[in-house]
>>> print(open('protein-v8.pdb').read())   # PDB, C-alpha atoms and all ligand atoms
ATOM      1  CA  MET A  14       0.000   0.000   0.000
ATOM      2  CA  LYS A  15       2.708   2.432   0.983
ATOM      3  CA  GLU A  16       4.704   1.534  -2.074
ATOM      4  CA  ARG A  17       1.729   2.254  -4.305
ATOM      5  CA  ASP A  18       1.165   5.609  -2.565
ATOM      6  CA  CYS A  19       4.811   6.492  -3.094
ATOM      7  CA  LYS A  20       4.560   5.805  -6.821
ATOM      8  CA  ILE A  21       1.488   8.033  -7.137
ATOM      9  CA  ILE A  22       3.089  10.783  -5.061
ATOM     10  CA  GLN A  23       6.272  10.690  -7.090
ATOM     11  CA  ASP A  24       4.224  10.916 -10.260
ATOM     12  CA  LEU A  25       2.418  13.949  -8.930
ATOM     13  CA  LEU A  26       5.478  15.723  -7.548
ATOM     14  CA  PRO A  27       6.515  17.629 -10.726
ATOM     15  CA  ASN A  28       3.013  19.080 -11.106
ATOM     16  CA  TYR A  29       2.878  19.796  -7.363
ATOM     17  CA  ILE A  30       6.140  21.769  -7.545
ATOM     18  CA  GLU A  31       4.811  23.721 -10.511
ATOM     19  CA  LYS A  32       1.638  24.360  -8.483
ATOM     20  CA  LEU A  33      -0.596  22.647 -10.991
ATOM     21  CA  THR A  34      -2.263  20.263  -8.574
ATOM     22  CA  ASN A  35      -5.559  20.956  -6.786
ATOM     23  CA  GLU A  36      -6.009  21.582  -3.073
ATOM     24  CA  GLU A  37      -7.116  18.069  -2.153
ATOM     25  CA  THR A  38      -4.161  16.537  -3.977
ATOM     26  CA  ASN A  39      -1.867  19.022  -2.254
ATOM     27  CA  LYS A  40      -3.141  17.923   1.147
ATOM     28  CA  PHE A  41      -2.648  14.286   0.241
ATOM     29  CA  ILE A  42       0.920  14.931  -0.990
ATOM     30  CA  GLU A  43       1.846  17.070   2.030
ATOM     31  CA  GLU A  44       0.516  14.480   4.462
ATOM     32  CA  HIS A  45       2.548  11.812   2.723
ATOM     33  CA  LEU A  46       5.739  13.858   2.648
ATOM     34  CA  LYS A  47       5.516  14.367   6.406
ATOM     35  CA  THR A  48       5.719  10.642   6.973
ATOM     36  CA  CYS A  49       7.785   9.323   4.045
ATOM     37  CA  GLU A  50      11.496  10.146   4.101
ATOM     38  CA  GLU A  51      12.058   8.556   0.690
ATOM     39  CA  CYS A  52       9.519  10.734  -1.108
ATOM     40  CA  LYS A  53      10.597  13.852   0.787
ATOM     41  CA  LYS A  54      14.140  13.329  -0.485
ATOM     42  CA  ILE A  55      12.922  12.918  -4.037
ATOM     43  CA  TYR A  56      10.708  16.003  -3.628
ATOM     44  CA  ASN A  57      13.625  18.170  -2.386
ATOM     45  CA  ASN A  58      15.919  17.041  -5.189
ATOM     46  CA  MET A  59      13.249  17.595  -7.787
ATOM     47  CA  LYS A  60      12.518  21.072  -6.449
ATOM     48  CA  LYS A  61      16.193  21.992  -6.604
ATOM     49  CA  ASP A  62      16.538  20.704 -10.161
ATOM     50  CA  LEU A  63      13.454  22.545 -11.338
ATOM     51  CA  ASN A  64      14.623  25.760  -9.699
ATOM     52  CA  VAL A  65      17.974  25.496 -11.445
ATOM     53  CA  ASP A  66      16.175  24.740 -14.693
ATOM     54  CA  ASN A  67      13.927  27.756 -14.313
ATOM     55  CA  LYS A  68      16.843  29.979 -13.462
ATOM     56  CA  ILE A  69      18.641  28.938 -16.649
ATOM     57  CA  LYS A  70      15.492  29.509 -18.672
ATOM     58  CA  GLU A  71      15.058  32.929 -17.061
ATOM     59  CA  LYS A  72      18.670  33.833 -17.796
ATOM     60  CA  LYS A  73      18.304  32.800 -21.425
ATOM     61  CA  LYS A  74      15.154  34.858 -21.714
ATOM     62  CA  VAL A  75      16.847  37.946 -20.257
ATOM     63  CA  LYS A  76      19.847  37.453 -22.529
ATOM     64  CA  PHE A  77      17.592  37.217 -25.584
ATOM     65  CA  LEU A  78      15.632  40.315 -24.561
ATOM     66  CA  LYS A  79      18.857  42.221 -23.997
ATOM     67  CA  LYS A  80      20.165  41.208 -27.399
ATOM     68  CA  TYR A  81      16.842  42.129 -29.020
ATOM     69  CA  ARG A  82      16.781  45.454 -27.202
ATOM     70  CA  ASN A  83      20.347  46.191 -28.304
ATOM     71  CA  LYS A  84      19.452  45.432 -31.898
ATOM     72  CA  LEU A  85      16.435  47.711 -31.638
ATOM     73  CA  ARG A  86      18.593  50.464 -30.171
ATOM     74  CA  ILE A  87      21.125  50.130 -33.023
ATOM     75  CA  LEU A  88      18.278  50.353 -35.577
ATOM     76  CA  GLU A  89      16.923  53.440 -33.802
ATOM     77  CA  ILE A  90      20.370  55.021 -33.852
ATOM     78  CA  ILE A  91      20.810  54.240 -37.572
ATOM     79  CA  ILE A  92      17.402  55.761 -38.400
ATOM     80  CA  LEU A  93      18.212  58.774 -36.252
ATOM     81  CA  ILE A  94      21.567  59.234 -38.006
ATOM     82  CA  ILE A  95      19.856  59.027 -41.428
ATOM     83  CA  VAL A  96      17.183  61.540 -40.405
ATOM     84  CA  VAL A  97      19.733  63.925 -38.893
ATOM     85  CA  ALA A  98      21.999  63.619 -41.968
ATOM     86  CA  PHE A  99      19.016  64.303 -44.258
ATOM     87  CA  VAL A 100      17.926  67.353 -42.259
ATOM     88  CA  VAL A 101      21.472  68.708 -42.001
ATOM     89  CA  ASN A 102      22.115  68.156 -45.718
ATOM     90  CA  THR A 103      18.800  69.759 -46.738
ATOM     91  CA  GLY A 104      19.530  72.677 -44.390
ATOM     92  CA  ARG A 105      22.985  73.052 -45.908
ATOM     93  CA  LYS A 106      21.521  73.174 -49.434
ATOM     94  CA  MET A 107      18.820  75.668 -48.382
ATOM     95  CA  TYR A 108      21.556  77.860 -46.929
ATOM     96  CA  ILE A 109      23.704  77.665 -50.099
ATOM     97  CA  ILE A 110      20.761  78.407 -52.421
ATOM     98  CA  THR A 111      19.622  81.357 -50.285
ATOM     99  CA  ASP A 112      23.183  82.665 -50.006
ATOM    100  CA  LEU A 113      23.794  82.442 -53.771
ATOM    101  CA  ASN A 114      20.412  84.082 -54.477
ATOM    102  CA  ASN A 115      21.228  86.966 -52.148
ATOM    103  CA  LYS A 116      24.668  87.434 -53.686
ATOM    104  CA  ALA A 117      23.194  87.424 -57.196
ATOM    105  CA  GLN A 118      20.659  90.158 -56.346
ATOM    106  CA  GLU A 119      23.416  92.766 -56.445
ATOM    107  CA  TYR A 120      23.957  91.924 -60.098
ATOM    108  CA  VAL A 121      20.326  91.231 -60.937
ATOM    109  CA  ASN A 122      19.456  94.745 -59.817
ATOM    110  CA  SER A 123      22.412  96.182 -61.697
ATOM    111  CA  THR A 124      21.427  98.370 -64.661
ATOM    112  CA  ASN A 125      24.916  98.474 -66.124
ATOM    113  CA  TYR A 126      26.160  95.108 -67.204
ATOM    114  CA  HIS A 127      27.628  93.266 -70.157
ATOM    115  CA  ARG A 128      26.796  89.584 -70.314
ATOM    116  CA  THR A 129      28.184  87.221 -72.918
ATOM    117  CA  SER A 130      26.892  83.707 -73.407
ATOM    118  CA  TYR A 131      28.116  80.956 -75.676
ATOM    119  CA  SER A 132      26.277  77.854 -76.763
ATOM    120  CA  LEU A 133      26.439  75.086 -79.282
ATOM    121  CA  ASP A 134      22.998  74.096 -80.509
ATOM    122  CA  ASN A 135      22.386  71.521 -83.248
ATOM    123  CA  GLY A 136      25.787  72.242 -84.704
ATOM    124  CA  ASN A 137      25.244  76.001 -84.679
ATOM    125  CA  TYR A 138      27.580  78.089 -82.598
ATOM    126  CA  ASN A 139      25.799  80.985 -80.920
ATOM    127  CA  LYS A 140      27.280  83.913 -79.096
ATOM    128  CA  LEU A 141      24.944  86.388 -77.450
ATOM    129  CA  GLU A 142      26.135  89.642 -75.949
ATOM    130  CA  VAL A 143      23.802  91.758 -73.857
ATOM    131  CA  PHE A 144      24.724  95.344 -73.096
ATOM    132  CA  SER A 145      22.505  96.964 -70.486
ATOM    133  CA  LEU A 146      22.520 100.635 -69.596
ATOM    134  CA  GLY A 147      19.442 101.768 -67.689
ATOM    135  CA  ASP A 148      16.415 101.304 -69.952
ATOM    136  CA  LYS A 149      18.596 100.623 -72.974
ATOM    137  CA  LYS A 150      19.620  97.208 -74.146
ATOM    138  CA  LYS A 151      21.868  96.175 -76.995
ATOM    139  CA  LEU A 152      21.939  92.552 -78.076
ATOM    140  CA  ILE A 153      24.484  91.090 -80.453
ATOM    141  CA  LEU A 154      23.640  87.584 -81.571
ATOM    142  CA  THR A 155      26.315  85.923 -83.649
ATOM    143  CA  THR A 156      25.431  82.606 -85.257
ATOM    144  CA  MET A 157      27.830  80.368 -87.091
ATOM    145  CA  THR A 158      26.453  77.316 -88.856
ATOM    146  CA  GLU A 159      28.267  74.036 -89.417
ATOM    147  CA  ASP A 160      28.868  75.114 -93.027
ATOM    148  CA  GLY A 161      30.628  78.262 -91.837
ATOM    149  CA  GLU A 162      27.804  80.688 -92.646
ATOM    150  CA  LYS A 163      27.915  83.612 -90.287
ATOM    151  CA  GLU A 164      25.114  85.924 -89.275
ATOM    152  CA  VAL A 165      25.251  88.833 -86.850
ATOM    153  CA  VAL A 166      22.045  90.394 -85.582
ATOM    154  CA  THR A 167      22.492  93.538 -83.524
ATOM    155  CA  THR A 168      19.514  94.982 -81.721
ATOM    156  CA  TYR A 169      19.306  98.435 -80.156
ATOM    157  CA  GLY A 170      16.336  98.635 -77.838
ATOM    158  CA  THR A 171      14.760 101.035 -75.389
ATOM    159  CA  LYS A 172      12.320  99.833 -72.765
ATOM    160  CA  ILE A 173       8.857 101.294 -73.272
ATOM    161  CA  GLY A 174       6.879  99.235 -70.742
ATOM    162  CA  THR A 175       6.088  95.749 -69.582
ATOM    163  CA  VAL A 176       4.001  93.080 -71.240
ATOM    164  CA  PRO A 177       0.946  92.835 -68.946
ATOM    165  CA  ASP A 178      -0.012  89.195 -69.438
ATOM    166  CA  THR A 179       3.255  87.400 -69.785
ATOM    167  CA  PRO A 180       2.599  83.718 -70.340
ATOM    168  CA  TYR A 181       4.312  81.535 -67.722
ATOM    169  CA  ALA A 182       5.057  84.683 -65.697
ATOM    170  CA  LYS A 183       5.167  82.562 -62.556
ATOM    171  CA  THR A 184       7.936  80.385 -63.921
ATOM    172  CA  TYR A 185       9.918  82.795 -66.023
ATOM    173  CA  PRO A 186      10.951  86.413 -65.430
ATOM    174  CA  PRO A 187       8.282  88.814 -66.751
ATOM    175  CA  LEU A 188       8.690  90.144 -70.258
ATOM    176  CA  GLU A 189       9.513  93.772 -70.841
ATOM    177  CA  LYS A 190       8.418  95.658 -73.922
ATOM    178  CA  TYR A 191      11.151  97.190 -76.057
ATOM    179  CA  LYS A 192      11.216  99.352 -79.151
ATOM    180  CA  GLN A 193      14.095  98.109 -81.267
ATOM    181  CA  ASN A 194      16.158  98.756 -84.346
ATOM    182  CA  ILE A 195      17.423  95.447 -85.652
ATOM    183  CA  TYR A 196      20.493  95.193 -87.900
ATOM    184  CA  LYS A 197      21.275  91.927 -89.608
ATOM    185  CA  VAL A 198      24.563  91.219 -91.331
ATOM    186  CA  THR A 199      25.103  87.983 -93.241
ATOM    187  CA  ASP A 200      27.893  86.979 -95.626
ATOM    188  CA  THR A 201      25.847  88.357 -98.529
ATOM    189  CA  GLU A 202      23.598  91.157 -97.256
ATOM    190  CA  LYS A 203      22.949  93.863 -94.705
ATOM    191  CA  THR A 204      19.350  94.502 -93.706
ATOM    192  CA  ALA A 205      17.662  96.579 -91.019
ATOM    193  CA  MET A 206      14.232  96.654 -89.395
ATOM    194  CA  LEU A 207      13.332  99.818 -87.547
ATOM    195  CA  ASP A 208      10.982 100.582 -84.648
ATOM    196  CA  VAL A 209      10.052  96.979 -83.896
ATOM    197  CA  GLU A 210       8.107  96.426 -80.684
ATOM    198  CA  VAL A 211       8.962  93.166 -78.916
ATOM    199  CA  GLY A 212       8.664  91.586 -75.501
ATOM    200  CA  MET A 213      11.993  90.491 -74.082
ATOM    201  CA  SER A 214      13.308  88.925 -70.957
ATOM    202  CA  VAL A 215      17.057  89.196 -70.598
ATOM    203  CA  ASP A 216      17.518  89.931 -66.911
ATOM    204  CA  ASN A 217      17.520  86.448 -65.427
ATOM    205  CA  GLN A 218      21.149  86.631 -64.442
ATOM    206  CA  GLU A 219      20.884  84.711 -61.191
ATOM    207  CA  ALA A 220      20.898  80.928 -61.066
ATOM    208  CA  PHE A 221      17.836  80.312 -58.922
ATOM    209  CA  TRP A 222      15.263  82.651 -60.425
ATOM    210  CA  GLY A 223      12.530  79.970 -60.362
ATOM    211  CA  ILE A 224      12.520  79.756 -56.561
ATOM    212  CA  GLU A 225       9.868  82.155 -55.381
ATOM    213  CA  ASN A 226       8.853  80.935 -51.938
ATOM    214  CA  THR A 227       9.894  78.750 -49.002
ATOM    215  CA  LYS A 228       8.123  75.698 -50.405
ATOM    216  CA  ASP A 229      10.089  75.970 -53.676
ATOM    217  CA  LEU A 230      13.260  76.478 -51.654
ATOM    218  CA  ILE A 231      12.695  73.372 -49.515
ATOM    219  CA  MET A 232      11.661  71.232 -52.515
ATOM    220  CA  THR A 233      14.697  72.365 -54.474
ATOM    221  CA  ALA A 234      16.984  71.720 -51.493
ATOM    222  CA  ILE A 235      15.586  68.192 -51.061
ATOM    223  CA  THR A 236      15.788  67.162 -54.707
ATOM    224  CA  SER A 237      18.997  68.900 -55.734
ATOM    225  CA  SER A 238      22.567  67.890 -55.285
ATOM    226  CA  ILE A 239      25.047  70.703 -54.695
ATOM    227  CA  ASN A 240      28.773  70.067 -54.755
ATOM    228  CA  LYS A 241      31.741  72.385 -54.507
ATOM    229  CA  THR A 242      34.025  72.387 -57.531
ATOM    230  CA  THR A 243      35.857  74.723 -59.895
ATOM    231  CA  PHE A 244      35.004  75.781 -63.434
ATOM    232  CA  ASN A 245      37.404  77.777 -65.642
ATOM    233  CA  GLY A 246      39.346  78.586 -62.495
ATOM    234  CA  ASN A 247      36.316  79.917 -60.626
ATOM    235  CA  GLU A 248      35.245  78.439 -57.309
ATOM    236  CA  CYS A 249      31.703  77.326 -57.838
ATOM    237  CA  TYR A 250      28.941  74.882 -57.074
ATOM    238  CA  TYR A 251      27.794  72.162 -59.416
ATOM    239  CA  VAL A 252      24.032  72.007 -59.000
ATOM    240  CA  SER A 253      21.663  69.423 -60.432
ATOM    241  CA  GLY A 254      18.101  68.294 -59.796
ATOM    242  CA  THR A 255      16.304  71.626 -59.513
ATOM    243  CA  PRO A 256      12.713  71.027 -60.684
ATOM    244  CA  ALA A 257      11.559  74.507 -59.639
ATOM    245  CA  ILE A 258      13.963  75.953 -62.205
ATOM    246  CA  LEU A 259      14.473  73.408 -64.974
ATOM    247  CA  PRO A 260      13.589  69.757 -64.421
ATOM    248  CA  ASN A 261      16.628  68.206 -66.045
ATOM    249  CA  ALA A 262      19.065  71.058 -65.658
ATOM    250  CA  SER A 263      22.447  70.993 -64.093
ATOM    251  CA  MET A 264      24.658  74.015 -63.820
ATOM    252  CA  TYR A 265      27.746  75.650 -62.432
ATOM    253  CA  VAL A 266      27.084  78.639 -60.192
ATOM    254  CA  ASN A 267      29.823  81.034 -59.145
ATOM    255  CA  LYS A 268      30.353  80.711 -55.386
ATOM    256  CA  ASP A 269      31.225  84.370 -54.879
ATOM    257  CA  THR A 270      28.619  86.017 -57.119
ATOM    258  CA  GLY A 271      25.723  83.549 -57.290
ATOM    259  CA  LEU A 272      25.760  83.906 -61.081
ATOM    260  CA  LEU A 273      25.465  81.149 -63.635
ATOM    261  CA  ILE A 274      28.770  80.175 -65.176
ATOM    262  CA  SER A 275      27.528  77.277 -67.229
ATOM    263  CA  THR A 276      24.360  75.317 -67.822
ATOM    264  CA  MET A 277      24.273  71.816 -69.274
ATOM    265  CA  ALA A 278      21.965  71.065 -72.179
ATOM    266  CA  SER A 279      18.543  70.163 -70.833
ATOM    267  CA  GLU A 280      15.055  69.204 -71.859
ATOM    268  CA  TYR A 281      11.993  70.979 -70.559
ATOM    269  CA  GLU A 282       8.235  70.937 -70.825
ATOM    270  CA  ASN A 283       6.332  74.214 -70.753
ATOM    271  CA  PRO A 284       2.925  74.539 -69.030
ATOM    272  CA  ASP A 285       1.216  73.679 -72.338
ATOM    273  CA  GLY A 286       2.997  70.345 -72.376
ATOM    274  CA  GLU A 287       5.269  71.233 -75.278
ATOM    275  CA  ARG A 288       8.716  69.753 -75.006
ATOM    276  CA  GLY A 289      11.818  71.663 -75.898
ATOM    277  CA  ARG A 290      15.550  71.582 -75.527
ATOM    278  CA  ILE A 291      17.861  74.209 -74.164
ATOM    279  CA  ALA A 292      21.450  74.112 -75.386
ATOM    280  CA  GLY A 293      24.324  74.005 -72.946
ATOM    281  CA  THR A 294      25.530  77.561 -72.379
ATOM    282  CA  GLU A 295      28.494  79.313 -70.797
ATOM    283  CA  TYR A 296      28.291  82.824 -69.363
ATOM    284  CA  GLU A 297      30.622  85.733 -68.730
ATOM    285  CA  TYR A 298      29.783  88.973 -66.960
ATOM    286  CA  GLU A 299      31.116  92.482 -66.672
ATOM    287  CA  PHE A 300      29.520  95.135 -64.514
ATOM    288  CA  GLY A 301      29.743  98.907 -64.814
ATOM    289  CA  THR A 302      31.611  98.845 -68.103
ATOM    290  CA  VAL A 303      28.805  99.778 -70.526
ATOM    291  CA  THR A 304      28.759 103.358 -71.831
ATOM    292  CA  GLU A 305      26.626 105.452 -74.207
ATOM    293  CA  GLU A 306      29.199 104.695 -76.906
ATOM    294  CA  ASP A 307      27.986 101.093 -76.987
ATOM    295  CA  PHE A 308      24.639 102.428 -78.201
ATOM    296  CA  ILE A 309      25.831 104.379 -81.234
ATOM    297  CA  GLU A 310      23.957 102.747 -84.104
ATOM    298  CA  PRO A 311      25.618 101.870 -87.452
ATOM    299  CA  ASP A 312      25.322 103.994 -90.612
ATOM    300  CA  ILE A 313      21.808 103.174 -91.823
ATOM    301  CA  SER A 314      22.694 104.043 -95.426
ATOM    302  CA  GLU A 315      24.702 100.808 -95.652
ATOM    303  CA  TYR A 316      21.592  98.729 -94.881
ATOM    304  CA  THR A 317      18.540  97.721 -96.849
ATOM    305  CA  ILE A 318      15.456  98.595 -94.834
ATOM    306  CA  VAL A 319      12.977  95.700 -94.631
ATOM    307  CA  GLU A 320       9.402  95.921 -93.389
ATOM    308  CA  GLN A 321       8.279  93.712 -90.509
TER
HETATM  309 ZN    ZN B 401       6.555   7.872  -0.125
END
>>> encode(input="protein-v8.pdb", output="structure tokens")
Amino acid sequence: MKERDCKIIQDLLPNYIEKLTNEETNKFIEEHLKTCEECKKIYNNMKKDLNVDNKIKEKKKVKFLKKYRNKLRILEIIILIIVVAFVVNTGRKMYIITDLNNKAQEYVNSTNYHRTSYSLDNGNYNKLEVFSLGDKKKLILTTMTEDGEKEVVTTYGTKIGTVPDTPYAKTYPPLEKYKQNIYKVTDTEKTAMLDVEVGMSVDNQEAFWGIENTKDLIMTAITSSINKTTFNGNECYYVSGTPAILPNASMYVNKDTGLLISTMASEYENPDGERGRIAGTEYEYEFGTVTEEDFIEPDISEYTIVEQ
């Protein structure tokens, strides 16, 4: 009888230690343990073993949690670093763009400048010189074709107003209205058109003229890449990815003046959805060098007058 009891008790002991047995069973086990040395010994040993087992399990659990927590912390740190780097880099670009824009204003507001630009477009070499003196503008456009044909169109204009409803005025600098005398010299003839009224926009000297508000500034800073470099010996920034200005444009901007030094050829789409291409262009500037002498027109008697 006792032997049978012992077997049952020993069977129940693991569950008893884990507190899975009911009250009545507990009483029965406890009564038995009081009187049976053999079972008591087994009970004590089993309890010890289970405790050790649980401790190991607990330790493993803590170790795993620690490891997991460490991994989580590393991930948090990595994300934080990425976010901070992004914010710092965007801030840096916003600062550079704003700084260059401010520097360029001095020249944008200048009424006495001489700007020369060079481009190669579909095999044609173009050189455009703009002379600005107050309300007067002289443009010299020299075109040389692949076949060596040369054409020089010189325009003497005086500003007589602005064009009220400039298309795309939000994107491009507003057009000004000029009254012009246009002189064209080719290899074979000299012609002139007098008193022509045209809308012109020639004053977009700064690089970032498309950025009109903080939203444009932030968007441009996020999407653009701006790197320090040199171009023709000038310290400058190489800027690309500026959708507020030209979607596919990249350009060199003078670090000290904020002026465009060079733009790469780019494609664009105007608000009407028409696609176009702008040739790569290089720019040179002089300020304060234009005089009235630059506006002395050629001897009209050498030219054939053509009607518009
Ligand atoms: Zn027993």
>>> residues_near_ligand(input="protein-v8.pdb", ligand="ligand ZN 401 (chain B)", cutoff="7 Å", atoms="all atoms listed in the file", output="JSON, numbers by chain")
{"A": [15, 16, 18, 19, 22, 45, 46, 49, 50, 51, 52]}
>>> closest_atom_pairs(input="protein-v8.pdb", of="range 120-149 of chain A", to="range 271-283 of chain A", cutoff="12 Å", atoms="all atoms listed in the file", output="Markdown table")
| residue | atom | partner | partner_atom | distance |
| --- | --- | --- | --- | --- |
| A:Tyr120 | CA | A:Leu272 | CA | 8.3 |
| A:Val121 | CA | A:Leu272 | CA | 9.1 |
| A:Arg128 | CA | A:Leu273 | CA | 10.8 |
| A:Thr129 | CA | A:Ile274 | CA | 10.5 |
| A:Ser130 | CA | A:Ser275 | CA | 8.9 |
| A:Tyr131 | CA | A:Ser275 | CA | 9.2 |
| A:Ser132 | CA | A:Ala278 | CA | 9.3 |
| A:Leu133 | CA | A:Ala278 | CA | 9.3 |
| A:Asp134 | CA | A:Ala278 | CA | 8.9 |
| A:Asn135 | CA | A:Ala278 | CA | 11.1 |
>>> residues_around(input="protein-v8.pdb", residues="range 306-319 of chain A", least_positions_apart="6", cutoff="9 Å", atoms="all atoms listed in the file", output="compact mmCIF listing (two decimals) with C-alpha atoms, in the coordinates of the input")
# COMPACT_ATOMS: atom_id res chain seq x y z
CA PHE A 144 24.72 95.34 -73.10
CA LYS A 149 18.60 100.62 -72.97
CA LYS A 150 19.62 97.21 -74.15
CA LYS A 151 21.87 96.18 -77.00
CA TYR A 169 19.31 98.44 -80.16
CA ASN A 194 16.16 98.76 -84.35
CA TYR A 196 20.49 95.19 -87.90
CA LYS A 197 21.28 91.93 -89.61
CA VAL A 198 24.56 91.22 -91.33
CA GLU A 202 23.60 91.16 -97.26
CA LYS A 203 22.95 93.86 -94.70
CA THR A 204 19.35 94.50 -93.71
CA ALA A 205 17.66 96.58 -91.02
CA MET A 206 14.23 96.65 -89.40
CA LEU A 207 13.33 99.82 -87.55
>>> closest_residue(input="protein-v8.pdb", among="A:Leu154, A:Gly174, A:Gln321, A:Tyr108", to="Val209 in chain A", atoms="only C-alpha atoms")
A:Gln321
>>> resolve_selection(input="protein-v8.pdb", expression="the PyMOL selection byres (((chain A and resi 229) around 12) and not hetatm)", output="tab-separated table (two decimals) with C-alpha atoms, in the coordinates of the input")
chain	number	residue	atom	x	y	z
A	107	MET	CA	18.82	75.67	-48.38
A	110	ILE	CA	20.76	78.41	-52.42
A	111	THR	CA	19.62	81.36	-50.28
A	184	THR	CA	7.94	80.39	-63.92
A	221	PHE	CA	17.84	80.31	-58.92
A	222	TRP	CA	15.26	82.65	-60.42
A	223	GLY	CA	12.53	79.97	-60.36
A	224	ILE	CA	12.52	79.76	-56.56
A	225	GLU	CA	9.87	82.16	-55.38
A	226	ASN	CA	8.85	80.94	-51.94
A	227	THR	CA	9.89	78.75	-49.00
A	228	LYS	CA	8.12	75.70	-50.40
A	230	LEU	CA	13.26	76.48	-51.65
A	231	ILE	CA	12.70	73.37	-49.52
A	232	MET	CA	11.66	71.23	-52.52
A	233	THR	CA	14.70	72.36	-54.47
A	234	ALA	CA	16.98	71.72	-51.49
A	235	ILE	CA	15.59	68.19	-51.06
A	236	THR	CA	15.79	67.16	-54.71
A	237	SER	CA	19.00	68.90	-55.73
A	255	THR	CA	16.30	71.63	-59.51
A	256	PRO	CA	12.71	71.03	-60.68
A	257	ALA	CA	11.56	74.51	-59.64
A	258	ILE	CA	13.96	75.95	-62.20
